[in-house]
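The data block below is target_22.json; it holds JSON, C-alpha atoms.
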```json
[["chain", "number", "residue", "atom", "x", "y", "z"],
["A", 1329, "MET", "CA", 0.00, 0.00, 0.00],
["A", 1330, "THR", "CA", 1.39, 3.41, -0.94],
["A", 1331, "ALA", "CA", 1.61, 6.27, 1.54],
["A", 1332, "ALA", "CA", -1.14, 8.17, -0.31],
["A", 1333, "THR", "CA", -3.44, 5.14, -0.30],
["A", 1334, "MET", "CA", -2.67, 4.51, 3.34],
["A", 1335, "ASN", "CA", -3.54, 8.11, 4.22],
["A", 1336, "ASP", "CA", -6.82, 7.82, 2.31],
["A", 1337, "HIS", "CA", -7.69, 4.71, 4.31],
["A", 1338, "PHE", "CA", -6.71, 6.39, 7.57],
["A", 1339, "ALA", "CA", -9.05, 9.30, 6.83],
["A", 1340, "VAL", "CA", -11.96, 6.89, 6.44],
["A", 1341, "TRP", "CA", -11.06, 4.51, 9.28],
["A", 1342, "PHE", "CA", -10.44, 7.38, 11.70],
["A", 1343, "ASN", "CA", -13.50, 9.43, 10.73],
["A", 1344, "GLY", "CA", -11.42, 12.26, 9.29],
["A", 1345, "ASN", "CA", -9.43, 12.81, 12.50],
["A", 1346, "ALA", "CA", -6.29, 14.44, 11.05],
["A", 1347, "ASP", "CA", -4.28, 14.02, 14.25],
["A", 1348, "ALA", "CA", -5.07, 10.29, 14.31],
["A", 1349, "CYS", "CA", -4.00, 10.01, 10.66],
["A", 1350, "THR", "CA", -0.73, 11.81, 11.40],
["A", 1351, "PHE", "CA", 0.02, 9.59, 14.38],
["A", 1352, "ALA", "CA", -0.70, 6.40, 12.40],
["A", 1353, "ALA", "CA", 1.58, 7.56, 9.56],
["A", 1354, "GLN", "CA", 4.37, 8.49, 11.97],
["A", 1355, "LEU", "CA", 4.05, 5.13, 13.70],
["A", 1356, "TRP", "CA", 4.24, 3.35, 10.32],
["A", 1357, "THR", "CA", 7.49, 5.17, 9.52],
["A", 1358, "ALA", "CA", 8.92, 4.34, 12.93],
["A", 1359, "ILE", "CA", 8.15, 0.63, 12.74],
["A", 1360, "GLN", "CA", 9.56, 0.39, 9.20],
["A", 1361, "GLU", "CA", 12.80, 1.96, 10.38],
["A", 1362, "TRP", "CA", 12.93, -0.24, 13.45],
["A", 1363, "ASP", "CA", 12.35, -3.31, 11.28],
["A", 1364, "ASP", "CA", 15.28, -2.24, 9.08],
["A", 1365, "LEU", "CA", 17.39, -1.96, 12.20],
["A", 1366, "GLU", "CA", 16.34, -5.46, 13.30],
["A", 1367, "ASP", "CA", 16.87, -7.02, 9.86],
["A", 1368, "SER", "CA", 20.08, -5.33, 8.76],
["A", 1369, "GLY", "CA", 21.55, -3.88, 11.93],
["A", 1370, "LYS", "CA", 21.30, -0.34, 10.63],
["A", 1371, "CYS", "CA", 18.74, 2.39, 10.30],
["A", 1372, "GLU", "CA", 19.15, 5.35, 7.98],
["A", 1373, "ASN", "CA", 17.55, 7.75, 10.43],
["A", 1374, "HIS", "CA", 18.23, 6.16, 13.81],
["A", 1375, "ASN", "CA", 18.42, 9.42, 15.75],
["A", 1376, "ALA", "CA", 15.00, 10.55, 14.52],
["A", 1377, "LEU", "CA", 13.58, 7.09, 15.22],
["A", 1378, "LEU", "CA", 14.89, 7.02, 18.78],
["A", 1379, "SER", "CA", 13.78, 10.61, 19.35],
["A", 1380, "TRP", "CA", 10.24, 9.91, 18.17],
["A", 1381, "LEU", "CA", 9.94, 6.69, 20.16],
["A", 1382, "ALA", "CA", 11.39, 8.18, 23.33],
["A", 1383, "PHE", "CA", 9.54, 11.49, 23.47],
["A", 1384, "GLY", "CA", 8.43, 12.80, 20.07],
["A", 1385, "LYS", "CA", 5.20, 10.82, 20.01],
["A", 1386, "GLU", "CA", 4.28, 12.36, 23.37],
["A", 1387, "TYR", "CA", 3.90, 15.74, 21.63],
["A", 1388, "GLN", "CA", 1.71, 14.40, 18.87],
["A", 1389, "PRO", "CA", -1.81, 15.63, 19.83],
["A", 1390, "PHE", "CA", -3.66, 12.38, 19.17],
["A", 1391, "PHE", "CA", -1.20, 10.36, 21.21],
["A", 1392, "ALA", "CA", -1.18, 12.92, 24.03],
["A", 1393, "GLN", "CA", -4.98, 12.80, 24.30],
["A", 1394, "ASN", "CA", -5.18, 9.02, 24.14],
["A", 1395, "ALA", "CA", -1.89, 7.83, 25.65],
["A", 1396, "HIS", "CA", -3.67, 5.81, 28.33],
["A", 1397, "ILE", "CA", -5.16, 3.64, 25.57],
["A", 1398, "LEU", "CA", -2.34, 3.79, 23.02],
["A", 1399, "ARG", "CA", 0.57, 2.91, 25.31],
["A", 1400, "PRO", "CA", -0.79, -0.59, 26.06],
["A", 1401, "ALA", "CA", -1.59, -1.04, 22.35],
["A", 1402, "LEU", "CA", 1.99, -0.05, 21.45],
["A", 1403, "LEU", "CA", 3.34, -2.43, 24.09],
["A", 1404, "GLY", "CA", 1.30, -5.21, 22.50],
["A", 1405, "LEU", "CA", 2.64, -4.26, 19.06],
["A", 1406, "TYR", "CA", 6.22, -4.40, 20.36],
["A", 1407, "LEU", "CA", 5.80, -7.72, 22.19],
["A", 1408, "LYS", "CA", 4.11, -9.38, 19.21],
["A", 1409, "TRP", "CA", 6.77, -8.06, 16.83],
["A", 1410, "SER", "CA", 9.57, -9.29, 19.10],
["A", 1411, "ALA", "CA", 8.08, -12.78, 19.21],
["A", 1412, "SER", "CA", 7.50, -12.77, 15.45],
["A", 1413, "ASN", "CA", 11.18, -12.02, 14.83],
["A", 1414, "VAL", "CA", 11.99, -15.39, 16.43],
["A", 1415, "LEU", "CA", 9.12, -17.33, 14.88],
["A", 1416, "ASP", "CA", 9.93, -15.97, 11.38],
["A", 1417, "ARG", "CA", 13.01, -18.17, 11.34],
["A", 1418, "GLY", "CA", 11.27, -21.28, 12.64],
["A", 1419, "THR", "CA", 9.09, -24.01, 11.19],
["A", 1420, "ALA", "CA", 6.30, -23.45, 8.69],
["A", 1421, "SER", "CA", 3.86, -23.61, 11.61],
["A", 1422, "ASP", "CA", 5.89, -20.93, 13.44],
["A", 1423, "VAL", "CA", 5.77, -18.68, 10.38],
["A", 1424, "CYS", "CA", 1.98, -18.98, 10.22],
["A", 1425, "LYS", "CA", 1.85, -17.72, 13.81],
["A", 1426, "SER", "CA", 4.43, -15.03, 13.07],
["A", 1427, "TYR", "CA", 2.30, -13.76, 10.20],
["A", 1428, "MET", "CA", -0.42, -12.44, 12.49],
["A", 1429, "LEU", "CA", 2.01, -11.35, 15.20],
["A", 1430, "ARG", "CA", 3.67, -9.11, 12.61],
["A", 1431, "ALA", "CA", 0.29, -7.45, 12.08],
["A", 1432, "GLY", "CA", 0.45, -5.73, 15.48],
["A", 1433, "TYR", "CA", 0.47, -2.39, 13.68],
["A", 1434, "TYR", "CA", -2.99, -3.17, 12.34],
["A", 1435, "ASP", "CA", -4.13, -3.91, 15.89],
["A", 1436, "VAL", "CA", -3.10, -0.35, 16.77],
["A", 1437, "LEU", "CA", -4.99, 0.99, 13.74],
["A", 1438, "HIS", "CA", -8.06, -0.90, 14.92],
["A", 1439, "VAL", "CA", -7.71, 0.67, 18.38],
["A", 1440, "ILE", "CA", -7.39, 4.12, 16.78],
["A", 1441, "ALA", "CA", -10.57, 3.46, 14.79],
["A", 1442, "TRP", "CA", -12.31, 2.55, 18.05],
["A", 1443, "ILE", "CA", -11.07, 5.76, 19.71],
["A", 1444, "CYS", "CA", -12.32, 7.81, 16.75],
["A", 1445, "GLY", "CA", -15.66, 6.09, 16.24],
["A", 1446, "GLY", "CA", -16.60, 3.79, 19.09],
["A", 1447, "ASP", "CA", -17.53, 0.12, 19.23],
["A", 1448, "GLU", "CA", -19.86, -0.15, 16.24],
["A", 1449, "TRP", "CA", -17.48, 1.79, 14.03],
["A", 1450, "ALA", "CA", -14.49, -0.36, 15.01],
["A", 1451, "VAL", "CA", -16.48, -3.52, 14.33],
["A", 1452, "LYS", "CA", -17.46, -2.17, 10.91],
["A", 1453, "VAL", "CA", -13.99, -1.07, 9.72],
["A", 1454, "GLY", "CA", -11.93, -3.72, 11.51],
["A", 1455, "PRO", "CA", -12.03, -6.31, 8.72],
["A", 1456, "GLU", "CA", -10.99, -3.68, 6.16],
["A", 1457, "ILE", "CA", -8.09, -2.61, 8.36],
["A", 1458, "TYR", "CA", -6.77, -6.18, 8.61],
["A", 1459, "ARG", "CA", -7.38, -6.85, 4.90],
["A", 1460, "SER", "CA", -4.97, -4.01, 4.12],
["A", 1461, "TYR", "CA", -2.10, -6.06, 5.61],
["A", 1462, "GLY", "CA", 0.05, -6.72, 2.57],
["A", 1463, "GLU", "CA", 2.20, -9.72, 3.50],
["A", 1464, "SER", "CA", 1.32, -13.39, 3.31],
["A", 1465, "PRO", "CA", 2.70, -16.27, 5.38],
["A", 1466, "SER", "CA", 4.42, -17.69, 2.29],
["A", 1467, "GLU", "CA", 6.21, -14.38, 1.65],
["A", 1468, "ILE", "CA", 7.49, -14.32, 5.22],
["A", 1469, "TRP", "CA", 8.61, -17.95, 4.93],
["A", 1470, "GLN", "CA", 10.55, -17.17, 1.75],
["A", 1471, "GLU", "CA", 12.10, -14.01, 3.17],
["A", 1472, "PHE", "CA", 13.53, -15.70, 6.23],
["A", 1473, "ASN", "CA", 13.96, -19.34, 5.24],
["A", 1474, "ASN", "CA", 14.78, -19.35, 1.53],
["A", 1475, "ALA", "CA", 17.07, -16.31, 1.45]]
```
Kindly return the structure encoded in the file as structure tokens.
Amino acid sequence: MTAATMNDHFAVWFNGNADACTFAAQLWTAIQEWDDLEDSGKCENHNALLSWLAFGKEYQPFFAQNAHILRPALLGLYLKWSASNVLDRGTASDVCKSYMLRAGYYDVLHVIAWICGGDEWAVKVGPEIYRSYGESPSEIWQEFNNA
């Protein structure tokens, strides 16, 4: 999914909340950079990444207003991603589990949709949010086991 397409989806999923869209886009950038760091041991913009993770997000209005909900969601994202980094290199069964653990970002998007629209809205857009996840278990298997 391109950045423009992603932003279009965010606007719908988050009921036009511009601050929510900005936070989701910033989080996407951060997790992509962190994944690069995990995979290759380097990150092009490591100072900006560490700055945003440590304190920059705290000044983002949507995060500041909803930190009590978003911090646990971000912890879940981190813990799932950490486990997936081990399972990615395991058996085919492990990779199938890793596939959904890697989707922790989409869990956070679903939480943001709930914040912006409530229960019924989150139930309505949740499937679309998870359908936007672009990887498949077979792609993950090939990336880590056939490289």
Atom pair CA of Ala1346 in chain A / CA of Ser1410 in chain A: separation (Å):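 Between these atoms lies a distance of 29.7 Å.
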Using all atoms listed in the file: which of A:Glu1471, A:Glu1372, A:Asp1347, A:Asp1416 has the shortest distance to Pro1389 in chain A: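 Closest to Pro1389 in chain A, using all atoms listed in the file: A:Asp1347.
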Counting all atoms listed in the file, the option among A:Phe1338, A:Phe1383, A:Trp1362, A:Trp1356 closest to Ile1457 in chain A: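 Of the candidates, the smallest distance to Ile1457 in chain A is held by A:Phe1338.
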Where is the centre and how long are the edges: axis-aligned box on range 1415-1431 of chain A, 6 Å on each side, Å to one decimal, as lines of an AutoDock Vina configuration file:
```
center_x = 6.3
center_y = -15.7
center_z = 11.9
size_x = 25.4
size_y = 28.6
size_z = 18.5
```
Separation of CA of Ala1401 in chain A from CA of Val1436 in chain A in Å: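 Separation of CA of Val1436 in chain A and CA of Ala1401 in chain A: 5.8 Å.
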Interatomic distance (Å, one decimal) between CA of Asn1345 in chain A and CA of Leu1407 in chain A: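 Between CA of Asn1345 in chain A and CA of Leu1407 in chain A the gap works out to 27.3 Å.
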Residue contacts of Gly1344 in chain A (12 Å, all atoms listed in the file) excluding same-chain residues fewer than 3 positions away, as a list in words: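 Counting only the stated atoms, we get Asn1335, Asp1336, His1337, Phe1338, Ala1339, Val1340, Trp1341, Asp1347, Ala1348, Cys1349, Thr1350, Ile1440, Ala1441, Cys1444 and Gly1445 of chain A.
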Best match for closeness to Tyr1434 in chain A among A:Leu1405, A:Ala1420, A:Leu1415, A:Ala1353, counting all atoms listed in the file: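 Of A:Leu1405, A:Ala1420, A:Leu1415, A:Ala1353, the one nearest Tyr1434 in chain A, counting all atoms listed in the file, is A:Leu1405.
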Selection as JSON, numbers by chain: residues within 10 Å of (-1.1, -2.2, 10.7), counting all atoms listed in the file: {"A": [1352, 1355, 1356, 1359, 1405, 1430, 1431, 1432, 1433, 1434, 1435, 1436, 1437, 1438, 1457, 1458, 1459, 1460, 1461, 1462]}
From A:Val1439, A:Pro1455, A:Gln1388, A:Thr1357, residue lying nearest Pro1400 in chain A [all atoms listed in the file]: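 Of A:Val1439, A:Pro1455, A:Gln1388, A:Thr1357, the one nearest Pro1400 in chain A is A:Val1439, counting all atoms listed in the file.
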10 Å contact set for Thr1419 in chain A, all atoms listed in the file, chain neighbours under 4 positions out, as a list in words: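 Result of the neighbour search: Leu1415, Val1423, Cys1424, Lys1425, Trp1469 and Asn1473 of chain A.
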For Leu1381 in chain A, the nearest of the candidates A:Phe1342, A:Trp1442, A:Tyr1427, A:Phe1351, counting only C-alpha atoms: A:Phe1351
Nearest candidate to Ile1397 in chain A (options A:Ala1358, A:Ile1443, A:Leu1378, A:Ala1450; using all atoms listed in the file):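 Checking each candidate against Ile1397 in chain A, we get A:Ile1443 as the closest.
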How about completing range 1348-1361 of chain A with N, CA and C atoms and giving it to me as a PDB file, in the coordinates of the input?
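The result, stored in rebuild-v9.pdb:
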```
ATOM      1  N   ALA A1348      -5.176  11.745  14.291  1.00  0.00           N
ATOM      2  CA  ALA A1348      -5.070  10.290  14.310  1.00  0.00           C
ATOM      3  C   ALA A1348      -4.338   9.794  13.059  1.00  0.00           C
ATOM      4  N   CYS A1349      -4.662  10.391  11.920  1.00  0.00           N
ATOM      5  CA  CYS A1349      -4.000  10.010  10.660  1.00  0.00           C
ATOM      6  C   CYS A1349      -2.504  10.296  10.734  1.00  0.00           C
ATOM      7  N   THR A1350      -2.140  11.442  11.265  1.00  0.00           N
ATOM      8  CA  THR A1350      -0.730  11.810  11.400  1.00  0.00           C
ATOM      9  C   THR A1350      -0.007  10.837  12.312  1.00  0.00           C
ATOM     10  N   PHE A1351      -0.611  10.525  13.459  1.00  0.00           N
ATOM     11  CA  PHE A1351       0.020   9.590  14.380  1.00  0.00           C
ATOM     12  C   PHE A1351       0.214   8.223  13.724  1.00  0.00           C
ATOM     13  N   ALA A1352      -0.799   7.706  13.043  1.00  0.00           N
ATOM     14  CA  ALA A1352      -0.700   6.400  12.400  1.00  0.00           C
ATOM     15  C   ALA A1352       0.400   6.384  11.339  1.00  0.00           C
ATOM     16  N   ALA A1353       0.518   7.475  10.576  1.00  0.00           N
ATOM     17  CA  ALA A1353       1.580   7.560   9.560  1.00  0.00           C
ATOM     18  C   ALA A1353       2.958   7.639  10.202  1.00  0.00           C
ATOM     19  N   GLN A1354       3.078   8.404  11.274  1.00  0.00           N
ATOM     20  CA  GLN A1354       4.370   8.490  11.970  1.00  0.00           C
ATOM     21  C   GLN A1354       4.750   7.147  12.568  1.00  0.00           C
ATOM     22  N   LEU A1355       3.779   6.445  13.128  1.00  0.00           N
ATOM     23  CA  LEU A1355       4.050   5.130  13.700  1.00  0.00           C
ATOM     24  C   LEU A1355       4.485   4.157  12.608  1.00  0.00           C
ATOM     25  N   TRP A1356       3.856   4.212  11.443  1.00  0.00           N
ATOM     26  CA  TRP A1356       4.240   3.350  10.320  1.00  0.00           C
ATOM     27  C   TRP A1356       5.713   3.581   9.958  1.00  0.00           C
ATOM     28  N   THR A1357       6.095   4.842   9.841  1.00  0.00           N
ATOM     29  CA  THR A1357       7.490   5.170   9.520  1.00  0.00           C
ATOM     30  C   THR A1357       8.427   4.622  10.575  1.00  0.00           C
ATOM     31  N   ALA A1358       8.070   4.808  11.836  1.00  0.00           N
ATOM     32  CA  ALA A1358       8.920   4.340  12.930  1.00  0.00           C
ATOM     33  C   ALA A1358       9.089   2.826  12.910  1.00  0.00           C
ATOM     34  N   ILE A1359       8.004   2.089  12.702  1.00  0.00           N
ATOM     35  CA  ILE A1359       8.150   0.630  12.740  1.00  0.00           C
ATOM     36  C   ILE A1359       8.888   0.110  11.512  1.00  0.00           C
ATOM     37  N   GLN A1360       8.784   0.801  10.383  1.00  0.00           N
ATOM     38  CA  GLN A1360       9.560   0.390   9.200  1.00  0.00           C
ATOM     39  C   GLN A1360      11.052   0.578   9.460  1.00  0.00           C
ATOM     40  N   GLU A1361      11.394   1.700  10.073  1.00  0.00           N
ATOM     41  CA  GLU A1361      12.800   1.960  10.380  1.00  0.00           C
ATOM     42  C   GLU A1361      13.321   0.995  11.427  1.00  0.00           C
TER      43      GLU A1361
END
```
